[in-house]
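Visitor: Sending over final07.txt (compact mmCIF, C-alpha atoms).
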```txt
# COMPACT_ATOMS: atom_id res chain seq x y z
CA MET G 1 0.00 0.00 0.00
CA SER G 2 2.36 2.72 -1.17
CA SER G 3 1.67 6.36 -1.83
CA ARG G 4 2.46 5.71 -5.51
CA GLU G 5 -1.01 4.27 -5.90
CA GLU G 6 -2.57 7.49 -4.67
CA VAL G 7 -0.76 9.88 -6.96
CA GLY G 8 -1.73 11.29 -10.28
CA GLY G 9 1.35 12.67 -11.96
CA ALA G 10 5.05 12.11 -11.34
CA MET G 11 6.33 11.06 -7.92
CA GLU G 12 8.35 13.96 -6.62
CA PRO G 13 11.25 13.16 -4.27
CA SER G 14 10.68 14.05 -0.63
CA ARG G 15 12.62 17.08 0.53
CA ASP G 16 13.86 18.68 3.73
CA LEU G 17 14.17 22.45 3.43
CA ILE G 18 16.01 24.07 6.32
CA GLY G 19 16.67 27.81 6.18
CA LEU G 20 17.93 30.65 8.37
CA SER G 21 17.46 34.24 7.29
CA PRO G 22 17.30 37.76 8.68
CA GLU G 23 14.40 38.48 6.33
CA PRO G 24 10.79 38.40 7.59
CA LEU G 25 9.38 34.89 7.27
CA SER G 26 6.98 34.26 4.43
CA ILE G 27 4.31 31.83 5.58
CA GLU G 28 3.15 31.53 2.00
CA ARG G 29 6.60 30.38 0.88
CA VAL G 30 6.92 27.93 3.77
CA TYR G 31 3.54 26.45 2.89
CA SER G 32 4.41 26.27 -0.82
CA SER G 33 7.61 24.40 0.04
CA ALA G 34 5.64 21.66 1.77
CA VAL G 35 2.48 21.30 -0.30
CA SER G 36 2.42 18.27 -2.60
CA PRO G 37 -0.04 16.73 -5.03
CA SER G 38 0.47 13.40 -3.24
CA CYS G 39 -0.63 14.88 0.10
CA GLY G 40 -3.97 15.79 1.55
CA ALA G 41 -2.54 17.79 4.44
CA VAL G 42 0.03 20.42 5.28
CA ALA G 43 0.40 21.01 9.01
CA LEU G 44 1.88 24.35 10.00
CA PHE G 45 3.46 25.75 13.16
CA ILE G 46 4.39 29.40 13.49
CA GLY G 47 6.29 30.67 16.55
CA THR G 48 5.77 34.36 17.22
CA THR G 49 7.43 36.82 19.56
CA ARG G 50 5.57 37.88 22.67
CA GLU G 51 5.28 41.38 24.08
CA HIS G 52 5.52 40.59 27.79
CA PHE G 53 7.70 38.45 29.98
CA GLU G 54 7.21 38.31 33.76
CA GLY G 55 5.48 41.68 33.77
CA ARG G 56 8.15 43.42 31.72
CA ARG G 57 7.52 44.77 28.27
CA VAL G 58 9.71 43.30 25.53
CA ILE G 59 10.65 45.83 22.88
CA ARG G 60 12.60 43.53 20.59
CA LEU G 61 14.22 40.15 20.26
CA GLU G 62 17.62 39.30 18.85
CA TYR G 63 18.44 35.87 17.51
CA GLU G 64 21.83 34.40 16.72
CA ALA G 65 22.84 30.93 15.57
CA TYR G 66 25.73 28.56 15.00
CA GLU G 67 24.51 28.27 11.46
CA PRO G 68 26.36 25.22 10.05
CA MET G 69 25.45 23.25 13.16
CA VAL G 70 21.79 24.31 12.94
CA GLN G 71 21.75 22.68 9.51
CA SER G 72 23.23 19.41 10.77
CA GLU G 73 21.06 19.27 13.91
CA LEU G 74 17.84 20.00 12.03
CA SER G 75 18.78 17.52 9.31
CA ALA G 76 19.03 14.92 12.07
CA VAL G 77 15.59 16.00 13.36
CA CYS G 78 14.20 15.51 9.84
CA ARG G 79 15.71 12.00 9.73
CA ASP G 80 14.06 11.23 13.08
CA ILE G 81 10.73 12.52 11.78
CA ARG G 82 10.94 10.37 8.67
CA ALA G 83 11.82 7.30 10.74
CA ARG G 84 8.83 7.84 13.05
CA TRP G 85 6.36 8.97 10.40
CA PRO G 86 7.42 7.35 7.10
CA MET G 87 4.44 8.83 5.27
CA VAL G 88 5.69 12.40 5.78
CA LYS G 89 6.43 13.97 2.40
CA HIS G 90 8.10 17.40 2.66
CA ILE G 91 9.50 19.16 5.70
CA CYS G 92 10.20 22.90 5.67
CA ILE G 93 11.77 24.62 8.69
CA GLN G 94 12.57 28.33 8.51
CA HIS G 95 14.01 30.34 11.40
CA ARG G 96 14.54 34.07 11.46
CA LEU G 97 17.82 35.55 12.70
CA GLY G 98 18.89 38.99 13.87
CA LEU G 99 16.39 41.58 15.06
CA VAL G 100 12.78 40.40 15.22
CA PRO G 101 10.12 42.92 16.24
CA VAL G 102 7.42 41.88 18.70
CA ALA G 103 4.42 40.01 17.30
CA GLU G 104 6.29 38.76 14.23
CA ALA G 105 7.09 35.18 13.29
CA SER G 106 10.44 33.85 14.45
CA VAL G 107 10.04 30.26 13.27
CA ALA G 108 7.80 28.47 10.80
CA ILE G 109 7.50 24.72 10.23
CA ALA G 110 5.39 23.12 7.49
CA ILE G 111 5.11 19.35 7.01
CA SER G 112 3.01 17.49 4.45
CA SER G 113 1.63 13.96 4.50
CA PRO G 114 -1.10 12.08 2.64
CA HIS G 115 -3.39 12.20 5.69
CA ARG G 116 -3.38 14.84 8.40
CA CYS G 117 -2.48 12.74 11.44
CA GLU G 118 1.18 12.24 10.54
CA ALA G 119 1.76 15.86 9.53
CA GLN G 120 0.19 17.23 12.70
CA GLU G 121 2.12 14.89 14.98
CA ALA G 122 5.37 15.49 13.12
CA VAL G 123 5.05 19.27 13.41
CA GLY G 124 4.58 19.02 17.17
CA TYR G 125 7.62 16.76 17.43
CA CYS G 126 9.64 19.05 15.18
CA ILE G 127 9.26 22.25 17.20
CA ASN G 128 10.01 20.39 20.44
CA ALA G 129 13.14 18.86 18.90
CA LEU G 130 14.23 22.22 17.49
CA LYS G 131 13.91 23.82 20.92
CA ALA G 132 15.91 21.00 22.49
CA SER G 133 18.75 20.76 19.99
CA ALA G 134 19.14 23.61 17.48
CA PRO G 135 22.07 25.92 18.38
CA ILE G 136 20.02 29.12 18.19
CA TRP G 137 19.83 31.74 20.96
CA LYS G 138 17.28 34.46 21.67
CA LYS G 139 17.85 37.62 23.67
CA GLU G 140 14.87 39.59 24.97
CA VAL G 141 15.44 43.34 25.25
CA TYR G 142 13.10 45.13 27.66
CA GLU G 143 11.80 48.68 27.85
CA SER G 144 14.41 49.41 30.49
CA GLU G 145 17.10 48.41 27.96
CA GLU G 146 17.97 45.47 30.21
CA SER G 147 18.25 42.24 28.29
CA LYS G 148 18.15 38.53 29.04
CA TRP G 149 19.28 35.48 27.10
CA LYS G 150 16.38 33.05 27.18
CA GLU G 151 16.72 29.35 28.02
CA ASN G 152 14.41 26.67 26.63
CA PRO G 153 13.18 24.19 29.26
CA GLU G 154 13.57 21.58 26.49
CA CYS G 155 17.36 22.15 26.52
CA GLY G 156 19.18 19.67 28.72
CA TRP G 157 21.63 22.20 30.17
CA SER G 158 19.30 25.07 30.95
CA GLY G 159 19.40 26.44 34.47
CA ASN G 160 16.44 26.26 36.83
CA SER G 161 15.93 30.02 37.01
CA MET O 162 51.01 17.66 20.78
CA THR O 163 48.91 20.76 20.38
CA ALA O 164 46.18 21.60 17.93
CA ARG O 165 45.35 25.10 16.72
CA VAL O 166 41.60 25.14 17.33
CA THR O 167 39.06 27.82 16.49
CA VAL O 168 36.97 28.49 19.58
CA LEU O 169 33.57 30.04 18.87
CA TYR O 170 31.61 31.98 21.45
CA PHE O 171 27.84 32.42 21.20
CA ALA O 172 25.17 34.43 22.99
CA LYS O 173 26.03 35.03 26.64
CA SER O 174 29.50 33.53 26.27
CA ALA O 175 30.33 36.04 23.52
CA GLU O 176 29.20 38.89 25.79
CA LEU O 177 31.20 37.54 28.74
CA THR O 178 34.44 37.08 26.80
CA GLY O 179 34.10 39.96 24.35
CA HIS O 180 34.97 37.55 21.56
CA ARG O 181 33.03 35.79 18.82
CA SER O 182 35.94 33.58 17.86
CA GLU O 183 39.62 33.08 18.48
CA VAL O 184 42.32 30.57 17.55
CA VAL O 185 43.64 28.80 20.62
CA PRO O 186 46.40 26.21 20.88
CA LEU O 187 44.91 23.28 22.79
CA PRO O 188 46.21 19.82 23.72
CA ALA O 189 45.44 17.39 20.89
CA ALA O 190 44.33 14.74 23.41
CA THR O 191 42.20 16.08 26.24
CA SER O 192 38.79 15.83 27.90
CA SER O 193 35.79 18.12 27.69
CA GLY O 194 36.28 19.06 31.35
CA GLN O 195 39.93 19.93 30.79
CA LEU O 196 39.02 21.95 27.71
CA TRP O 197 36.54 23.98 29.76
CA ALA O 198 39.14 24.55 32.48
CA LEU O 199 41.56 25.91 29.86
CA LEU O 200 38.90 28.25 28.48
CA LEU O 201 38.18 29.45 32.03
CA GLU O 202 41.87 30.27 32.45
CA LEU O 203 41.72 32.33 29.26
CA HIS O 204 38.42 34.00 30.19
CA PRO O 205 37.56 33.76 33.89
CA SER O 206 34.27 35.58 33.20
CA LEU O 207 33.00 32.35 31.61
CA ALA O 208 32.57 30.98 35.13
CA ALA O 209 29.14 32.66 35.12
CA LEU O 210 28.04 29.84 32.78
CA GLN O 211 29.28 27.00 34.99
CA ASP O 212 26.65 24.19 35.17
CA GLN O 213 24.72 25.74 32.29
CA VAL O 214 27.02 25.15 29.36
CA VAL O 215 28.13 22.42 27.00
CA LEU O 216 30.68 22.42 24.21
CA ALA O 217 30.23 21.56 20.55
CA VAL O 218 33.31 19.84 19.12
CA ARG O 219 33.25 19.53 15.33
CA GLN O 220 29.53 20.36 15.58
CA GLN O 221 28.69 17.57 18.02
CA TYR O 222 27.47 18.45 21.51
CA VAL O 223 29.76 17.30 24.32
CA ALA O 224 28.88 17.65 28.01
CA LEU O 225 31.59 18.82 30.36
CA GLY O 226 33.25 15.85 32.01
CA ASP O 227 35.62 13.00 31.37
CA GLN O 228 34.67 12.54 27.73
CA ALA O 229 37.95 12.00 25.87
CA LEU O 230 38.52 14.34 22.95
CA LEU O 231 40.99 14.27 20.08
CA LEU O 232 41.57 17.66 18.48
CA ALA O 233 43.30 18.56 15.22
CA ASP O 234 44.41 21.81 13.60
CA GLY O 235 41.45 23.69 12.19
CA ASP O 236 38.82 21.98 14.40
CA GLU O 237 36.00 24.15 15.72
CA VAL O 238 34.99 24.07 19.38
CA ALA O 239 31.96 26.14 20.32
CA VAL O 240 30.92 27.31 23.77
CA VAL O 241 27.19 26.55 23.93
CA PRO O 242 25.02 28.30 26.55
CA PRO O 243 21.44 27.05 27.05
CA LEU O 244 19.55 26.99 23.75
CA SER O 245 16.61 29.26 23.02
CA GLY O 246 15.66 28.67 19.40
CA GLY O 247 12.07 28.56 18.23
```
Would you mind writing the file's structure down as structure tokens?
Guide:
Amino acid sequence: MSSREEVGGAMEPSRDLIGLSPEPLSIERVYSSAVSPSCGAVALFIGTTREHFEGRRVIRLEYEAYEPMVQSELSAVCRDIRARWPMVKHICIQHRLGLVPVAEASVAIAISSPHRCEAQEAVGYCINALKASAPIWKKEVYESEESKWKENPECGWSGNS
Amino acid sequence: MTARVTVLYFAKSAELTGHRSEVVPLPAATSSGQLWALLLELHPSLAALQDQVVLAVRQQYVALGDQALLLADGDEVAVVPPLSGG
């Protein structure tokens, strides 16, 4: 029972698209990268920047990354996803770097599969794995001009503060 | 034997040391714990990250401890504070 039987038209190879860019994220482009004629679902996750943290107003966020290692870590996440959900077709992960204004998208993940269950589960897994393993760091800058490097609880060496 | 290694500093570690990268001669055979101790000698301000840091050697995460490491000229070692991607 292979997906070949479901497809009209040529079988396109599955792809993993991992990108980092200082440009504003285009949700349309992320979606277009994942959509496939062999799939009935694209599941999407968009992470956006929040205005408040612990009562303080955030005026901007700054992201930096160990870029070559982000590629290798997220490629490994894609391999894990494909091992757990073999029906997944395309995976697109885009993360913004540099200055990100409040209430804009910082990360977008789109995953396609023939039926929605796999895509939805894979997207949930993907953002958790990204938060645990991608060498990306976010600094919140507050109204007072104080700033704080954030720590994901998913990361194994985060502090308890 | 020493290896000329590029040490990369990210996020808080870059602020603490005032560097983004530097070339450091390091022992070719060492451990992750010893590597950290050497970096602390170079930049005592890194102590603020104690218990909340790992290294990435040739783009593989390594916890601080007895893990044996072999380093060669041109290798990259990154100081990795807690992650906050996504």
Visitor: Find the residues around O:Ser193 up to 9 Å (only C-alpha atoms counted), leave out those fewer than 6 positions away in its own chain, and share them as a ChimeraX atom specification.
Guide: /O:215-216,223-230
Visitor: Taking only C-alpha atoms into account, which residues of chain O are within 8 Å of chain G, as a list in words?
Guide: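 Residues passing the distance filter: Phe171, Ala172, Lys173, Asp212, Gln213, Val214, Val215, Gln220, Val241, Pro242, Pro243, Leu244, Ser245, Gly246 and Gly247 of chain O.
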Visitor: Atom CA of O:Thr163 to atom CA of O:Leu207: how many Å, to one decimal?
Guide: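 That distance, rounded to one decimal, is 22.7 Å.
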Visitor: Which protein, DNA or RNA residues are at most 12 Å from (-4.7, 13.0, 3.0) in the file's coordinates when you count only C-alpha atoms, listed as number ranges by chain?
Guide: G: 3, 6-7, 35-43, 87-89, 112-120
Visitor: For the atom pair atom CA of G:Val123 and atom CA of G:Glu104, what is the interatomic distance in Å to one decimal place?
Guide: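 It comes out at 19.5 Å.
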Visitor: Could you work out how far atom CA of G:Leu20 lies from atom CA of O:Val168, giving the answer in Å with one decimal?
Guide: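 Atom CA of G:Leu20 lies 22.2 Å from atom CA of O:Val168.
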Visitor: Do a neighbour search on G:Cys78 at 8 Å with only C-alpha atoms, toss out local chain neighbours closer than 3 positions, and write the hits as number ranges by chain.
Guide: G: 16, 74-75, 81-82, 91, 126
Visitor: Choose the residue, out of O:Val166, O:Val238, O:Leu196, O:His180, that has the smallest atom-to-atom separation from O:Val218; count only C-alpha atoms.
Guide: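 Smallest separation from O:Val218 among the options: O:Val238.
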Visitor: In terms of the shortest atom-to-atom distance over all atoms listed in the file, which of G:Leu61, G:Ala122, G:Ala34, G:Val141 is closest to G:Val100?
Guide: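 Going through G:Leu61, G:Ala122, G:Ala34, G:Val141 one by one, the smallest distance to G:Val100 is for G:Leu61.
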Visitor: If we count all atoms listed in the file and set the cut-off at 10 Å, which residues sit around stretch 199-202 of chain O, ignoring sequence neighbours fewer than 4 positions away in its own chain? Please answer as a CSV table (one decimal) with C-alpha atoms, in the coordinates of the input.
Guide:
```
chain,number,residue,atom,x,y,z
O,168,VAL,CA,37.0,28.5,19.6
O,178,THR,CA,34.4,37.1,26.8
O,185,VAL,CA,43.6,28.8,20.6
O,187,LEU,CA,44.9,23.3,22.8
O,188,PRO,CA,46.2,19.8,23.7
O,193,SER,CA,35.8,18.1,27.7
O,194,GLY,CA,36.3,19.1,31.4
O,195,GLN,CA,39.9,19.9,30.8
O,206,SER,CA,34.3,35.6,33.2
O,207,LEU,CA,33.0,32.4,31.6
O,208,ALA,CA,32.6,31.0,35.1
O,211,GLN,CA,29.3,27.0,35.0
O,240,VAL,CA,30.9,27.3,23.8
```
Visitor: Can you pull out every residue within 10 Å of O:Gly235, counting all atoms listed in the file, but drop anything in the same chain fewer than 4 positions away, and send it as a list in words?
Guide: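 Contacts, with the query itself left out: Ala164, Arg165, Val166, Thr167, Val168, Val184 and Arg219 of chain O.
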Visitor: For O:Ala209, which residue among O:Leu231, O:Met162, O:Ala190, O:Leu177 is the nearest when counting only C-alpha atoms?
Guide: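 Checking each candidate against O:Ala209, we get O:Leu177 as the closest.
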Visitor: Residues near G:Arg29, anyone? I mean within 12 Å using all atoms listed in the file, not counting same-chain ones fewer than 2 positions away, as number ranges by chain.
Guide: G: 17, 19, 24-27, 31-35, 44, 92-94, 108-110
Visitor: Could you write stretch 17-36 of chain G of the block just shown to a file containing N, CA and C atoms, as an mmCIF file, in the first residue's frame?
Guide:
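Once everything was written out, this is result.cif:
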```
data_model
loop_
_atom_site.group_PDB
_atom_site.id
_atom_site.type_symbol
_atom_site.label_atom_id
_atom_site.label_comp_id
_atom_site.auth_asym_id
_atom_site.auth_seq_id
_atom_site.Cartn_x
_atom_site.Cartn_y
_atom_site.Cartn_z
ATOM 1 N N LEU G 17 13.706 21.099 3.748
ATOM 2 C CA LEU G 17 14.167 22.447 3.432
ATOM 3 C C LEU G 17 14.395 23.178 4.737
ATOM 4 N N ILE G 18 15.661 23.436 5.051
ATOM 5 C CA ILE G 18 16.011 24.075 6.318
ATOM 6 C C ILE G 18 16.661 25.409 6.007
ATOM 7 N N GLY G 19 16.114 26.508 6.520
ATOM 8 C CA GLY G 19 16.675 27.812 6.181
ATOM 9 C C GLY G 19 16.733 28.752 7.367
ATOM 10 N N LEU G 20 17.768 29.594 7.373
ATOM 11 C CA LEU G 20 17.930 30.649 8.368
ATOM 12 C C LEU G 20 18.065 31.949 7.595
ATOM 13 N N SER G 21 17.375 32.989 8.029
ATOM 14 C CA SER G 21 17.462 34.245 7.288
ATOM 15 C C SER G 21 17.064 35.417 8.162
ATOM 16 N N PRO G 22 17.726 36.562 7.955
ATOM 17 C CA PRO G 22 17.305 37.757 8.684
ATOM 18 C C PRO G 22 16.017 38.373 8.110
ATOM 19 N N GLU G 23 15.592 37.904 6.952
ATOM 20 C CA GLU G 23 14.396 38.480 6.327
ATOM 21 C C GLU G 23 13.133 38.025 7.048
ATOM 22 N N PRO G 24 12.070 38.849 7.016
ATOM 23 C CA PRO G 24 10.792 38.400 7.590
ATOM 24 C C PRO G 24 10.364 37.083 6.950
ATOM 25 N N LEU G 25 9.799 36.194 7.774
ATOM 26 C CA LEU G 25 9.378 34.890 7.272
ATOM 27 C C LEU G 25 8.160 35.031 6.375
ATOM 28 N N SER G 26 8.152 34.294 5.296
ATOM 29 C CA SER G 26 6.983 34.262 4.429
ATOM 30 C C SER G 26 6.254 32.945 4.661
ATOM 31 N N ILE G 27 5.081 33.044 5.290
ATOM 32 C CA ILE G 27 4.306 31.833 5.583
ATOM 33 C C ILE G 27 3.857 31.190 4.278
ATOM 34 N N GLU G 28 3.566 32.030 3.313
ATOM 35 C CA GLU G 28 3.150 31.533 1.995
ATOM 36 C C GLU G 28 4.244 30.661 1.374
ATOM 37 N N ARG G 29 5.493 31.133 1.482
ATOM 38 C CA ARG G 29 6.603 30.380 0.882
ATOM 39 C C ARG G 29 6.862 29.082 1.642
ATOM 40 N N VAL G 30 6.721 29.133 2.960
ATOM 41 C CA VAL G 30 6.923 27.931 3.774
ATOM 42 C C VAL G 30 5.873 26.884 3.412
ATOM 43 N N TYR G 31 4.625 27.344 3.295
ATOM 44 C CA TYR G 31 3.543 26.448 2.891
ATOM 45 C C TYR G 31 3.802 25.861 1.507
ATOM 46 N N SER G 32 4.170 26.728 0.555
ATOM 47 C CA SER G 32 4.409 26.273 -0.819
ATOM 48 C C SER G 32 5.532 25.248 -0.892
ATOM 49 N N SER G 33 6.495 25.354 0.024
ATOM 50 C CA SER G 33 7.608 24.401 0.037
ATOM 51 C C SER G 33 7.162 23.016 0.481
ATOM 52 N N ALA G 34 6.056 22.955 1.226
ATOM 53 C CA ALA G 34 5.635 21.661 1.774
ATOM 54 C C ALA G 34 4.486 21.029 0.996
ATOM 55 N N VAL G 35 3.679 21.834 0.353
ATOM 56 C CA VAL G 35 2.480 21.303 -0.298
ATOM 57 C C VAL G 35 2.885 20.332 -1.414
ATOM 58 N N SER G 36 2.077 19.296 -1.617
ATOM 59 C CA SER G 36 2.422 18.267 -2.599
ATOM 60 C C SER G 36 1.158 17.656 -3.174
#
```
